[in-house]
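J.: Dropping the structure in here first, questions after.
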Amino acid sequence: MSQLQTVRGTRDLFQDTNQRHRFIEATASRVVELYGFDEIQTPILEPAGLFLRSLGDTSDIVTKQMYLFKDLGGDELVLRPEGTAGVARAFIQEGMSQLTPLKLFYRGPMFRYERPQKGRYRQFHQFGVELLGVEKPQADLEVLACGYRILKELGVLGSITLHLNTIGDEASRTTYRDVLVAYLNTRKSELSQDSLSRLEKNPLRILDSKDPGDRSVVASAPKLSDSLTPEAKAFFTAVLTGLKALEIPFIIDDNLVRGLDYYCHTVFEFTTDALGSQNAVLAGGRFDGLIKDLGGPETPGVGWAFGIDRLAELLPNLTASPQPIALVPLGEEAEQAALLLAEKLRTAGLKTDIGYSGNLAKRMKRADKIGARAAVIIGSNELAAGIVQVKWLGTGVQESIALSELGTRLTQFPASASK
Ligand code: HAM
């Protein structure tokens, strides 16, 4: 019988990788709470219509990446590919418009049927924020500052650059679409198949095509910035001025349009040069029309999401977790006592491990292996006398300590002093 394996593009997360994920989530949760974001958990399963109506029917996600299926009752469901649409659905369904301005954050697994490679998985994990109900550029600045602070606290800013653009308001895009299509039609023969099929439905996406032929056509294309309405221009100027005041460095990238239909005005990506082609670590933008398009009240929004898996691969080495105390009971009676003693030490806040099997040497070896700072050797005779032997594993020094004093001694003895 062949061995069962994880589904392609999905992974078991454990030990170092899982610790990295936990550390990133804990850091980001702490930071977003400083900004007043409150957690929301939406289901992983959503109705297919949610994504078909919000992401755009020419987006990569909708055309080729959705885990879409009929359940046993015949309903069309999707394993969520991203978090913004679900938050917008919840906003409408739960009547949250009373609560604006509203700041929500979320984390959890997302699913996209992509070709797996380093930094790109079919089940990956996002952490995201959405600020709902504020149409001012200050909201864009607040979410950008929040994302920047998380990357800074994680110590990964060194290899990361913020790319920023505006795709303007509806009127700017309508004007630009005509100008762009007129230009692209003059160079139609040089465009890739993908871009040709986007020419009618979503020509802006051609701007961020990776195809070399498309890129040389795009290099001399008219700029979206020349088609902006005065309002859209003023909005973007306010974002740029604010970023300078906040001392957040950025690069304006004329061709950054993002792959999802719900965006308007500010779009951005924090990218790294350390992960090969999977370079976007934190990305987002403004989505003023999304909630209305889904049938809700007119509610502007801006937010981002980062890939936890990608950041975990960038993270410097984690600082070691606290060293445990290893209990080494010898004999059955001592093993019973060790269970109770371990509970006492844990009540005192000490991370405690019990060596369950093998002779003294084997149990001491395990204490070493788990990086314990002290081994507490419990023999039945000594137990009767109310004492244990403590071996400080850093120095090799061994001493007898009364059971009544053990908790205090182990707590007082700083981890570094035992090394
Ligand atoms: P997105 O750019 O599709 O945006 O994804 C955000 C981040 O998720 C990416 O920058 C990347 O770090 C990570 N990511 C995406 N796909 C994968 C994958 N297959 N494997 C590993 N990591 C991946 C959104 O999802 C928007 N909902 C962001 C947003 C929030 N916009 C406004 N609010």
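Following the order of the structure tokens, first chain is A, next is B, and so on, with residues numbered from 1 inside each chain and ligands from 1 in the order they appear.
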Do you have, as JSON lines, the list of residues of chain A lying at most 8 Å from ligand 1, each with its nearest atom pair and that distance in Å to one decimal, counting only C-alpha atoms and all ligand atoms and ordered by chain then number?
T.:
```
{"residue": "A:Pro81", "atom": "CA", "partner": "ligand 1", "partner_atom_place_in_ligand_line": "25 (O)", "distance": 7.2}
{"residue": "A:Glu82", "atom": "CA", "partner": "ligand 1", "partner_atom_place_in_ligand_line": "25 (O)", "distance": 4.5}
{"residue": "A:Gly83", "atom": "CA", "partner": "ligand 1", "partner_atom_place_in_ligand_line": "27 (N)", "distance": 5.2}
{"residue": "A:Thr84", "atom": "CA", "partner": "ligand 1", "partner_atom_place_in_ligand_line": "27 (N)", "distance": 4.6}
{"residue": "A:Ala85", "atom": "CA", "partner": "ligand 1", "partner_atom_place_in_ligand_line": "27 (N)", "distance": 7.3}
{"residue": "A:Phe111", "atom": "CA", "partner": "ligand 1", "partner_atom_place_in_ligand_line": "19 (N)", "distance": 7.3}
{"residue": "A:Arg112", "atom": "CA", "partner": "ligand 1", "partner_atom_place_in_ligand_line": "19 (N)", "distance": 5.8}
{"residue": "A:Tyr113", "atom": "CA", "partner": "ligand 1", "partner_atom_place_in_ligand_line": "19 (N)", "distance": 7.6}
{"residue": "A:Glu114", "atom": "CA", "partner": "ligand 1", "partner_atom_place_in_ligand_line": "19 (N)", "distance": 6.1}
{"residue": "A:Pro116", "atom": "CA", "partner": "ligand 1", "partner_atom_place_in_ligand_line": "19 (N)", "distance": 7.3}
{"residue": "A:Gly119", "atom": "CA", "partner": "ligand 1", "partner_atom_place_in_ligand_line": "21 (C)", "distance": 5.3}
{"residue": "A:Arg120", "atom": "CA", "partner": "ligand 1", "partner_atom_place_in_ligand_line": "20 (N)", "distance": 3.4}
{"residue": "A:Tyr121", "atom": "CA", "partner": "ligand 1", "partner_atom_place_in_ligand_line": "20 (N)", "distance": 4.1}
{"residue": "A:Arg122", "atom": "CA", "partner": "ligand 1", "partner_atom_place_in_ligand_line": "19 (N)", "distance": 5.4}
{"residue": "A:Gln123", "atom": "CA", "partner": "ligand 1", "partner_atom_place_in_ligand_line": "20 (N)", "distance": 6.9}
{"residue": "A:Phe124", "atom": "CA", "partner": "ligand 1", "partner_atom_place_in_ligand_line": "21 (C)", "distance": 4.9}
{"residue": "A:His125", "atom": "CA", "partner": "ligand 1", "partner_atom_place_in_ligand_line": "22 (N)", "distance": 6.7}
{"residue": "A:Gln126", "atom": "CA", "partner": "ligand 1", "partner_atom_place_in_ligand_line": "8 (O)", "distance": 5.7}
{"residue": "A:Gly128", "atom": "CA", "partner": "ligand 1", "partner_atom_place_in_ligand_line": "30 (C)", "distance": 5.9}
{"residue": "A:Val129", "atom": "CA", "partner": "ligand 1", "partner_atom_place_in_ligand_line": "30 (C)", "distance": 6.4}
{"residue": "A:Glu130", "atom": "CA", "partner": "ligand 1", "partner_atom_place_in_ligand_line": "33 (N)", "distance": 5.6}
{"residue": "A:Arg258", "atom": "CA", "partner": "ligand 1", "partner_atom_place_in_ligand_line": "2 (O)", "distance": 7.1}
{"residue": "A:Gly259", "atom": "CA", "partner": "ligand 1", "partner_atom_place_in_ligand_line": "3 (O)", "distance": 7.3}
{"residue": "A:Leu260", "atom": "CA", "partner": "ligand 1", "partner_atom_place_in_ligand_line": "3 (O)", "distance": 7.6}
{"residue": "A:Tyr263", "atom": "CA", "partner": "ligand 1", "partner_atom_place_in_ligand_line": "32 (C)", "distance": 7.7}
{"residue": "A:Glu269", "atom": "CA", "partner": "ligand 1", "partner_atom_place_in_ligand_line": "10 (O)", "distance": 6.8}
{"residue": "A:Phe270", "atom": "CA", "partner": "ligand 1", "partner_atom_place_in_ligand_line": "10 (O)", "distance": 7.6}
{"residue": "A:Thr271", "atom": "CA", "partner": "ligand 1", "partner_atom_place_in_ligand_line": "10 (O)", "distance": 7.9}
{"residue": "A:Gln278", "atom": "CA", "partner": "ligand 1", "partner_atom_place_in_ligand_line": "11 (C)", "distance": 7.8}
{"residue": "A:Asn279", "atom": "CA", "partner": "ligand 1", "partner_atom_place_in_ligand_line": "12 (O)", "distance": 7.7}
{"residue": "A:Ala280", "atom": "CA", "partner": "ligand 1", "partner_atom_place_in_ligand_line": "10 (O)", "distance": 4.2}
{"residue": "A:Val281", "atom": "CA", "partner": "ligand 1", "partner_atom_place_in_ligand_line": "12 (O)", "distance": 3.6}
{"residue": "A:Leu282", "atom": "CA", "partner": "ligand 1", "partner_atom_place_in_ligand_line": "10 (O)", "distance": 4.4}
{"residue": "A:Ala283", "atom": "CA", "partner": "ligand 1", "partner_atom_place_in_ligand_line": "10 (O)", "distance": 4.7}
{"residue": "A:Gly284", "atom": "CA", "partner": "ligand 1", "partner_atom_place_in_ligand_line": "31 (N)", "distance": 3.5}
{"residue": "A:Gly285", "atom": "CA", "partner": "ligand 1", "partner_atom_place_in_ligand_line": "32 (C)", "distance": 5.0}
{"residue": "A:Arg286", "atom": "CA", "partner": "ligand 1", "partner_atom_place_in_ligand_line": "32 (C)", "distance": 6.4}
{"residue": "A:Phe287", "atom": "CA", "partner": "ligand 1", "partner_atom_place_in_ligand_line": "32 (C)", "distance": 6.8}
{"residue": "A:Gly301", "atom": "CA", "partner": "ligand 1", "partner_atom_place_in_ligand_line": "32 (C)", "distance": 8.0}
{"residue": "A:Val302", "atom": "CA", "partner": "ligand 1", "partner_atom_place_in_ligand_line": "32 (C)", "distance": 5.8}
{"residue": "A:Gly303", "atom": "CA", "partner": "ligand 1", "partner_atom_place_in_ligand_line": "33 (N)", "distance": 3.6}
{"residue": "A:Trp304", "atom": "CA", "partner": "ligand 1", "partner_atom_place_in_ligand_line": "30 (C)", "distance": 3.5}
{"residue": "A:Ala305", "atom": "CA", "partner": "ligand 1", "partner_atom_place_in_ligand_line": "28 (C)", "distance": 4.4}
{"residue": "A:Phe306", "atom": "CA", "partner": "ligand 1", "partner_atom_place_in_ligand_line": "7 (C)", "distance": 4.4}
{"residue": "A:Gly307", "atom": "CA", "partner": "ligand 1", "partner_atom_place_in_ligand_line": "12 (O)", "distance": 3.5}
{"residue": "A:Ile308", "atom": "CA", "partner": "ligand 1", "partner_atom_place_in_ligand_line": "12 (O)", "distance": 7.0}
{"residue": "A:Asp309", "atom": "CA", "partner": "ligand 1", "partner_atom_place_in_ligand_line": "21 (C)", "distance": 5.9}
{"residue": "A:Arg310", "atom": "CA", "partner": "ligand 1", "partner_atom_place_in_ligand_line": "12 (O)", "distance": 5.9}
{"residue": "A:Leu311", "atom": "CA", "partner": "ligand 1", "partner_atom_place_in_ligand_line": "12 (O)", "distance": 7.5}
```
J.: Give me, as a list in words, all polymer residues having an atom no more than 12 Å from Leu341 (chain A), counting only C-alpha atoms and skipping those fewer than 3 positions away in the same chain.
T.: Ile325, Ala326, Leu327, Val328, Pro329, Ala334, Glu335, Gln336, Ala337, Ala338, Lys344, Leu345, Arg346, Thr347, Ala348, Leu350, Thr352, Asp353, Ile354, Val376, Ile377, Ile378, Leu383, Gly386, Val388, Leu403, Ser404, Leu406 and Gly407 of chain A
J.: With N, CA, C and O atoms retained, could you export that selection as an mmCIF file, in the first residue's frame?
T.:
```
data_model
loop_
_atom_site.group_PDB
_atom_site.id
_atom_site.type_symbol
_atom_site.label_atom_id
_atom_site.label_comp_id
_atom_site.auth_asym_id
_atom_site.auth_seq_id
_atom_site.Cartn_x
_atom_site.Cartn_y
_atom_site.Cartn_z
ATOM 1 N N ILE A 325 13.334 22.629 32.711
ATOM 2 C CA ILE A 325 13.884 21.840 33.806
ATOM 3 C C ILE A 325 13.547 20.386 33.483
ATOM 4 O O ILE A 325 12.405 20.102 33.114
ATOM 5 N N ALA A 326 14.529 19.487 33.572
ATOM 6 C CA ALA A 326 14.250 18.073 33.279
ATOM 7 C C ALA A 326 14.148 17.298 34.586
ATOM 8 O O ALA A 326 15.078 17.328 35.406
ATOM 9 N N LEU A 327 13.037 16.630 34.802
ATOM 10 C CA LEU A 327 12.919 15.776 35.985
ATOM 11 C C LEU A 327 13.380 14.375 35.604
ATOM 12 O O LEU A 327 12.969 13.839 34.570
ATOM 13 N N VAL A 328 14.258 13.809 36.427
ATOM 14 C CA VAL A 328 14.802 12.485 36.133
ATOM 15 C C VAL A 328 14.463 11.552 37.300
ATOM 16 O O VAL A 328 15.238 11.422 38.254
ATOM 17 N N PRO A 329 13.289 10.935 37.278
ATOM 18 C CA PRO A 329 12.900 10.060 38.383
ATOM 19 C C PRO A 329 13.536 8.687 38.220
ATOM 20 O O PRO A 329 13.659 8.186 37.098
ATOM 21 N N ALA A 334 9.391 7.164 42.528
ATOM 22 C CA ALA A 334 9.883 8.492 42.142
ATOM 23 C C ALA A 334 9.121 9.020 40.922
ATOM 24 O O ALA A 334 8.878 10.220 40.795
ATOM 25 N N GLU A 335 8.734 8.108 40.038
ATOM 26 C CA GLU A 335 7.994 8.544 38.843
ATOM 27 C C GLU A 335 6.655 9.167 39.225
ATOM 28 O O GLU A 335 6.237 10.167 38.652
ATOM 29 N N GLN A 336 5.989 8.524 40.217
ATOM 30 C CA GLN A 336 4.729 9.090 40.712
ATOM 31 C C GLN A 336 4.974 10.489 41.275
ATOM 32 O O GLN A 336 4.242 11.437 40.969
ATOM 33 N N ALA A 337 6.026 10.574 42.106
ATOM 34 C CA ALA A 337 6.322 11.857 42.756
ATOM 35 C C ALA A 337 6.680 12.914 41.706
ATOM 36 O O ALA A 337 6.341 14.094 41.852
ATOM 37 N N ALA A 338 7.350 12.467 40.628
ATOM 38 C CA ALA A 338 7.786 13.418 39.593
ATOM 39 C C ALA A 338 6.587 14.102 38.937
ATOM 40 O O ALA A 338 6.639 15.301 38.643
ATOM 41 N N LYS A 344 3.829 21.203 40.297
ATOM 42 C CA LYS A 344 4.181 22.321 41.195
ATOM 43 C C LYS A 344 5.092 23.313 40.476
ATOM 44 O O LYS A 344 4.927 24.518 40.580
ATOM 45 N N LEU A 345 6.097 22.759 39.781
ATOM 46 C CA LEU A 345 7.051 23.649 39.096
ATOM 47 C C LEU A 345 6.349 24.441 37.991
ATOM 48 O O LEU A 345 6.629 25.613 37.780
ATOM 49 N N ARG A 346 5.424 23.789 37.287
ATOM 50 C CA ARG A 346 4.685 24.507 36.228
ATOM 51 C C ARG A 346 3.821 25.603 36.823
ATOM 52 O O ARG A 346 3.690 26.695 36.237
ATOM 53 N N THR A 347 3.252 25.315 38.018
ATOM 54 C CA THR A 347 2.471 26.367 38.685
ATOM 55 C C THR A 347 3.370 27.563 38.985
ATOM 56 O O THR A 347 2.943 28.714 38.913
ATOM 57 N N ALA A 348 4.650 27.285 39.268
ATOM 58 C CA ALA A 348 5.596 28.385 39.541
ATOM 59 C C ALA A 348 6.103 29.015 38.246
ATOM 60 O O ALA A 348 6.990 29.863 38.272
ATOM 61 N N LEU A 350 7.621 27.428 35.672
ATOM 62 C CA LEU A 350 8.827 26.820 35.105
ATOM 63 C C LEU A 350 8.454 25.767 34.059
ATOM 64 O O LEU A 350 7.622 24.886 34.311
ATOM 65 N N THR A 352 8.719 22.519 32.359
ATOM 66 C CA THR A 352 9.224 21.291 32.984
ATOM 67 C C THR A 352 8.946 20.066 32.119
ATOM 68 O O THR A 352 7.857 19.915 31.575
ATOM 69 N N ASP A 353 9.955 19.199 32.027
ATOM 70 C CA ASP A 353 9.827 17.977 31.224
ATOM 71 C C ASP A 353 10.142 16.776 32.119
ATOM 72 O O ASP A 353 10.998 16.865 32.995
ATOM 73 N N ILE A 354 9.427 15.662 31.914
ATOM 74 C CA ILE A 354 9.727 14.464 32.707
ATOM 75 C C ILE A 354 10.330 13.404 31.788
ATOM 76 O O ILE A 354 9.757 13.099 30.741
ATOM 77 N N VAL A 376 16.729 17.481 37.561
ATOM 78 C CA VAL A 376 16.379 17.216 38.959
ATOM 79 C C VAL A 376 16.275 15.704 39.106
ATOM 80 O O VAL A 376 15.346 15.090 38.572
ATOM 81 N N ILE A 377 17.254 15.112 39.807
ATOM 82 C CA ILE A 377 17.282 13.654 39.913
ATOM 83 C C ILE A 377 16.541 13.243 41.185
ATOM 84 O O ILE A 377 16.854 13.709 42.290
ATOM 85 N N ILE A 378 15.532 12.414 40.970
ATOM 86 C CA ILE A 378 14.665 12.051 42.095
ATOM 87 C C ILE A 378 14.825 10.568 42.372
ATOM 88 O O ILE A 378 14.417 9.730 41.567
ATOM 89 N N LEU A 383 13.943 10.897 48.291
ATOM 90 C CA LEU A 383 12.586 11.425 48.314
ATOM 91 C C LEU A 383 12.013 11.332 49.722
ATOM 92 O O LEU A 383 11.417 12.288 50.240
ATOM 93 N N GLY A 386 13.102 13.983 51.750
ATOM 94 C CA GLY A 386 12.660 15.323 51.316
ATOM 95 C C GLY A 386 13.717 16.091 50.549
ATOM 96 O O GLY A 386 13.708 17.327 50.550
ATOM 97 N N VAL A 388 16.278 16.332 46.774
ATOM 98 C CA VAL A 388 16.571 15.852 45.417
ATOM 99 C C VAL A 388 17.964 16.332 45.039
ATOM 100 O O VAL A 388 18.521 17.238 45.671
ATOM 101 N N LEU A 403 13.322 19.588 48.900
ATOM 102 C CA LEU A 403 12.140 19.712 48.037
ATOM 103 C C LEU A 403 11.370 20.991 48.311
ATOM 104 O O LEU A 403 10.855 21.637 47.400
ATOM 105 N N SER A 404 11.345 21.369 49.603
ATOM 106 C CA SER A 404 10.573 22.557 49.986
ATOM 107 C C SER A 404 11.161 23.824 49.365
ATOM 108 O O SER A 404 10.471 24.823 49.227
ATOM 109 N N LEU A 406 12.909 23.763 46.384
ATOM 110 C CA LEU A 406 13.262 23.541 44.977
ATOM 111 C C LEU A 406 12.704 24.602 44.023
ATOM 112 O O LEU A 406 13.444 25.171 43.220
ATOM 113 N N GLY A 407 11.399 24.889 44.165
ATOM 114 C CA GLY A 407 10.762 25.861 43.267
ATOM 115 C C GLY A 407 11.489 27.191 43.307
ATOM 116 O O GLY A 407 11.836 27.755 42.268
#
```
J.: So, counting only C-alpha atoms, which residue among A:Leu243, A:Ala221, A:Ile40, A:Leu157 is closest to Leu141 (chain A)?
T.: A:Leu243
J.: Write out as a ChimeraX atom specification each polymer residue whose atoms come within 12 Å of Leu318 (chain A), counting only C-alpha atoms; drop sequence neighbours fewer than 5 positions from it.
T.: /A:15-24,154-155,312-313
J.: Dump N, CA and C atoms for the selected residues as a JSON list (two decimals), in the first residue's frame?
T.:
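Output file again_33.json follows:
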```json
[["chain", "number", "residue", "atom", "x", "y", "z"],
["A", 15, "GLN", "N", 7.82, 22.12, 14.58],
["A", 15, "GLN", "CA", 9.13, 22.55, 15.06],
["A", 15, "GLN", "C", 9.47, 23.96, 14.58],
["A", 16, "ASP", "N", 10.67, 24.14, 13.98],
["A", 16, "ASP", "CA", 11.14, 25.49, 13.68],
["A", 16, "ASP", "C", 10.15, 26.28, 12.80],
["A", 17, "THR", "N", 9.62, 25.64, 11.75],
["A", 17, "THR", "CA", 8.72, 26.37, 10.84],
["A", 17, "THR", "C", 7.48, 26.82, 11.59],
["A", 18, "ASN", "N", 6.93, 25.93, 12.39],
["A", 18, "ASN", "CA", 5.73, 26.30, 13.13],
["A", 18, "ASN", "C", 6.02, 27.39, 14.16],
["A", 19, "GLN", "N", 7.22, 27.29, 14.78],
["A", 19, "GLN", "CA", 7.58, 28.34, 15.76],
["A", 19, "GLN", "C", 7.68, 29.69, 15.07],
["A", 20, "ARG", "N", 8.21, 29.67, 13.85],
["A", 20, "ARG", "CA", 8.32, 30.92, 13.08],
["A", 20, "ARG", "C", 6.93, 31.49, 12.79],
["A", 21, "HIS", "N", 6.01, 30.62, 12.38],
["A", 21, "HIS", "CA", 4.65, 31.08, 12.12],
["A", 21, "HIS", "C", 4.03, 31.69, 13.38],
["A", 22, "ARG", "N", 4.21, 30.99, 14.49],
["A", 22, "ARG", "CA", 3.62, 31.48, 15.75],
["A", 22, "ARG", "C", 4.20, 32.82, 16.16],
["A", 23, "PHE", "N", 5.53, 32.93, 15.98],
["A", 23, "PHE", "CA", 6.21, 34.17, 16.36],
["A", 23, "PHE", "C", 5.71, 35.34, 15.50],
["A", 24, "ILE", "N", 5.55, 35.09, 14.20],
["A", 24, "ILE", "CA", 5.08, 36.13, 13.29],
["A", 24, "ILE", "C", 3.65, 36.54, 13.65],
["A", 154, "LEU", "N", 9.80, 42.51, 12.98],
["A", 154, "LEU", "CA", 10.24, 41.15, 12.66],
["A", 154, "LEU", "C", 11.71, 41.14, 12.19],
["A", 155, "GLY", "N", 12.26, 42.32, 11.98],
["A", 155, "GLY", "CA", 13.68, 42.40, 11.59],
["A", 155, "GLY", "C", 13.94, 42.01, 10.15],
["A", 312, "ALA", "N", 8.07, 33.80, 7.09],
["A", 312, "ALA", "CA", 8.77, 32.80, 7.92],
["A", 312, "ALA", "C", 10.09, 32.41, 7.25],
["A", 313, "GLU", "N", 10.10, 32.43, 5.93],
["A", 313, "GLU", "CA", 11.33, 32.07, 5.23],
["A", 313, "GLU", "C", 12.37, 33.18, 5.26]]
```
J.: Would you return as a ChimeraX atom specification the members of region 235-323 of chain A that DSSP assigns to alpha helix (DSSP H) on this structure's backbone?
T.: /A:235-245,290-293,308-314
J.: Among region 152-341 of chain A, which residues does DSSP mark as strand (DSSP E or B) when it is run on the backbone? Keep the chain and numbering as in the structure and answer as a short mmCIF file (atom, residue, chain, number, x, y, z; two decimals) with N, CA, C and O atoms, in the first residue's frame.
T.:
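See result23.cif below for the written result:
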```cif
data_model
loop_
_atom_site.label_atom_id
_atom_site.label_comp_id
_atom_site.auth_asym_id
_atom_site.auth_seq_id
_atom_site.Cartn_x
_atom_site.Cartn_y
_atom_site.Cartn_z
N ILE A 160 13.65 44.37 2.09
CA ILE A 160 12.29 44.67 1.60
C ILE A 160 12.14 46.10 1.10
O ILE A 160 12.67 47.04 1.71
N THR A 161 11.42 46.28 -0.03
CA THR A 161 11.15 47.60 -0.58
C THR A 161 9.63 47.77 -0.76
O THR A 161 8.96 46.84 -1.20
N LEU A 162 9.15 48.96 -0.45
CA LEU A 162 7.73 49.26 -0.66
C LEU A 162 7.52 49.85 -2.06
O LEU A 162 8.10 50.88 -2.39
N HIS A 163 6.74 49.14 -2.88
CA HIS A 163 6.37 49.63 -4.21
C HIS A 163 4.94 50.14 -4.13
O HIS A 163 4.07 49.46 -3.56
N LEU A 164 4.72 51.30 -4.73
CA LEU A 164 3.43 51.97 -4.52
C LEU A 164 2.95 52.56 -5.84
O LEU A 164 3.75 52.96 -6.67
N ASN A 165 1.64 52.58 -6.02
CA ASN A 165 1.09 53.24 -7.21
C ASN A 165 -0.33 53.68 -6.91
O ASN A 165 -0.90 53.30 -5.88
N THR A 166 -0.90 54.48 -7.81
CA THR A 166 -2.34 54.74 -7.72
C THR A 166 -2.97 54.25 -9.01
O THR A 166 -2.38 54.40 -10.08
N ILE A 251 9.06 53.30 -3.42
CA ILE A 251 9.36 53.53 -4.83
C ILE A 251 8.01 53.58 -5.54
O ILE A 251 7.16 52.72 -5.31
N ILE A 252 7.83 54.58 -6.42
CA ILE A 252 6.59 54.60 -7.20
C ILE A 252 6.78 53.69 -8.40
O ILE A 252 7.78 53.78 -9.12
N CYS A 264 -8.92 50.39 -6.03
CA CYS A 264 -8.96 51.73 -6.62
C CYS A 264 -7.90 52.55 -5.88
O CYS A 264 -7.38 52.10 -4.85
N HIS A 265 -7.59 53.71 -6.38
CA HIS A 265 -6.59 54.60 -5.74
C HIS A 265 -5.30 53.86 -5.37
O HIS A 265 -4.70 53.21 -6.21
N THR A 266 -4.95 53.87 -4.08
CA THR A 266 -3.64 53.37 -3.67
C THR A 266 -3.51 51.85 -3.78
O THR A 266 -4.36 51.11 -3.27
N VAL A 267 -2.46 51.39 -4.44
CA VAL A 267 -2.12 49.95 -4.42
C VAL A 267 -0.64 49.84 -4.05
O VAL A 267 0.15 50.72 -4.39
N PHE A 268 -0.30 48.78 -3.34
CA PHE A 268 1.10 48.68 -2.88
C PHE A 268 1.52 47.24 -2.66
O PHE A 268 0.67 46.34 -2.45
N GLU A 269 2.81 47.03 -2.71
CA GLU A 269 3.41 45.71 -2.41
C GLU A 269 4.76 45.93 -1.75
O GLU A 269 5.58 46.68 -2.27
N PHE A 270 4.95 45.32 -0.61
CA PHE A 270 6.29 45.27 -0.02
C PHE A 270 6.95 44.02 -0.61
O PHE A 270 6.44 42.91 -0.43
N THR A 271 8.04 44.21 -1.36
CA THR A 271 8.64 43.05 -2.02
C THR A 271 10.06 42.82 -1.49
O THR A 271 10.70 43.74 -0.98
N THR A 272 10.51 41.58 -1.64
CA THR A 272 11.85 41.24 -1.18
C THR A 272 12.67 40.71 -2.35
O THR A 272 12.10 40.15 -3.29
N ALA A 280 6.55 39.18 -3.41
CA ALA A 280 5.65 40.04 -2.63
C ALA A 280 5.40 39.42 -1.26
O ALA A 280 4.97 38.27 -1.17
N VAL A 281 5.71 40.16 -0.20
CA VAL A 281 5.46 39.60 1.13
C VAL A 281 4.21 40.19 1.78
O VAL A 281 3.49 39.50 2.49
N LEU A 282 3.97 41.47 1.52
CA LEU A 282 2.79 42.12 2.13
C LEU A 282 2.20 43.03 1.06
O LEU A 282 2.92 43.83 0.47
N ALA A 283 0.92 42.87 0.76
CA ALA A 283 0.38 43.60 -0.38
C ALA A 283 -1.08 43.97 -0.13
O ALA A 283 -1.79 43.28 0.60
N GLY A 284 -1.51 45.06 -0.76
CA GLY A 284 -2.90 45.46 -0.60
C GLY A 284 -3.21 46.76 -1.30
O GLY A 284 -2.54 47.14 -2.26
N GLY A 285 -4.23 47.45 -0.79
CA GLY A 285 -4.64 48.70 -1.40
C GLY A 285 -6.04 49.09 -0.97
O GLY A 285 -6.62 48.50 -0.05
N ARG A 286 -6.56 50.09 -1.67
CA ARG A 286 -7.88 50.64 -1.35
C ARG A 286 -8.95 49.92 -2.17
O ARG A 286 -8.71 49.54 -3.31
N GLY A 301 -12.82 51.28 1.87
CA GLY A 301 -11.98 50.39 2.66
C GLY A 301 -10.56 50.40 2.14
O GLY A 301 -10.30 50.73 0.98
N VAL A 302 -9.64 50.07 3.03
CA VAL A 302 -8.24 49.92 2.62
C VAL A 302 -7.60 48.89 3.54
O VAL A 302 -7.95 48.82 4.73
N GLY A 303 -6.71 48.07 2.99
CA GLY A 303 -6.09 47.04 3.83
C GLY A 303 -4.98 46.32 3.11
O GLY A 303 -4.58 46.71 1.99
N TRP A 304 -4.46 45.32 3.76
CA TRP A 304 -3.39 44.50 3.16
C TRP A 304 -3.42 43.12 3.78
O TRP A 304 -4.11 42.90 4.80
N ALA A 305 -2.67 42.22 3.16
CA ALA A 305 -2.42 40.92 3.79
C ALA A 305 -0.98 40.54 3.53
O ALA A 305 -0.42 40.90 2.49
N PHE A 306 -0.38 39.85 4.50
CA PHE A 306 0.96 39.32 4.22
C PHE A 306 0.93 37.80 4.28
O PHE A 306 0.06 37.20 4.93
N GLY A 307 1.87 37.19 3.56
CA GLY A 307 2.00 35.74 3.55
C GLY A 307 2.88 35.32 4.72
O GLY A 307 4.06 35.66 4.77
N ILE A 325 13.33 22.63 32.71
CA ILE A 325 13.88 21.84 33.81
C ILE A 325 13.55 20.39 33.48
O ILE A 325 12.40 20.10 33.11
N ALA A 326 14.53 19.49 33.57
CA ALA A 326 14.25 18.07 33.28
C ALA A 326 14.15 17.30 34.59
O ALA A 326 15.08 17.33 35.41
N LEU A 327 13.04 16.63 34.80
CA LEU A 327 12.92 15.78 35.98
C LEU A 327 13.38 14.37 35.60
O LEU A 327 12.97 13.84 34.57
N VAL A 328 14.26 13.81 36.43
CA VAL A 328 14.80 12.48 36.13
C VAL A 328 14.46 11.55 37.30
O VAL A 328 15.24 11.42 38.25
N PRO A 329 13.29 10.93 37.28
CA PRO A 329 12.90 10.06 38.38
C PRO A 329 13.54 8.69 38.22
O PRO A 329 13.66 8.19 37.10
N LEU A 330 13.95 8.10 39.35
CA LEU A 330 14.54 6.77 39.30
C LEU A 330 13.65 5.82 40.09
O LEU A 330 13.57 5.94 41.31
#
```
J.: Could you check how far CA of Trp392 (chain A) sits from CA of Arg373 (chain A), in Å to one decimal?
T.: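 Computing the Euclidean distance for CA of Trp392 (chain A) and CA of Arg373 (chain A) yields 6.0 Å.
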J.: From the set A:Gly36, A:Tyr262, A:Glu333, A:Leu360, which residue has the shortest atom-to-atom contact distance to Asp57 (chain A), counting only C-alpha atoms?
T.: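 Smallest distance to Asp57 (chain A) is found for A:Tyr262.
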J.: Could you check the closest approach to Glu33 (chain A) for each of A:Val62, A:Leu4, A:Leu104, A:Ala171 and tell me which residue wins, using only C-alpha atoms?
T.: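 Under the stated criterion, the closest residue is A:Leu104.
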J.: Quick one: pull the distance between CA of Gly9 (chain A) and CA of Val78 (chain A), Å, one decimal.
T.: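 Taking CA of Gly9 (chain A) as the start and CA of Val78 (chain A) as the end point, the length is 17.1 Å.
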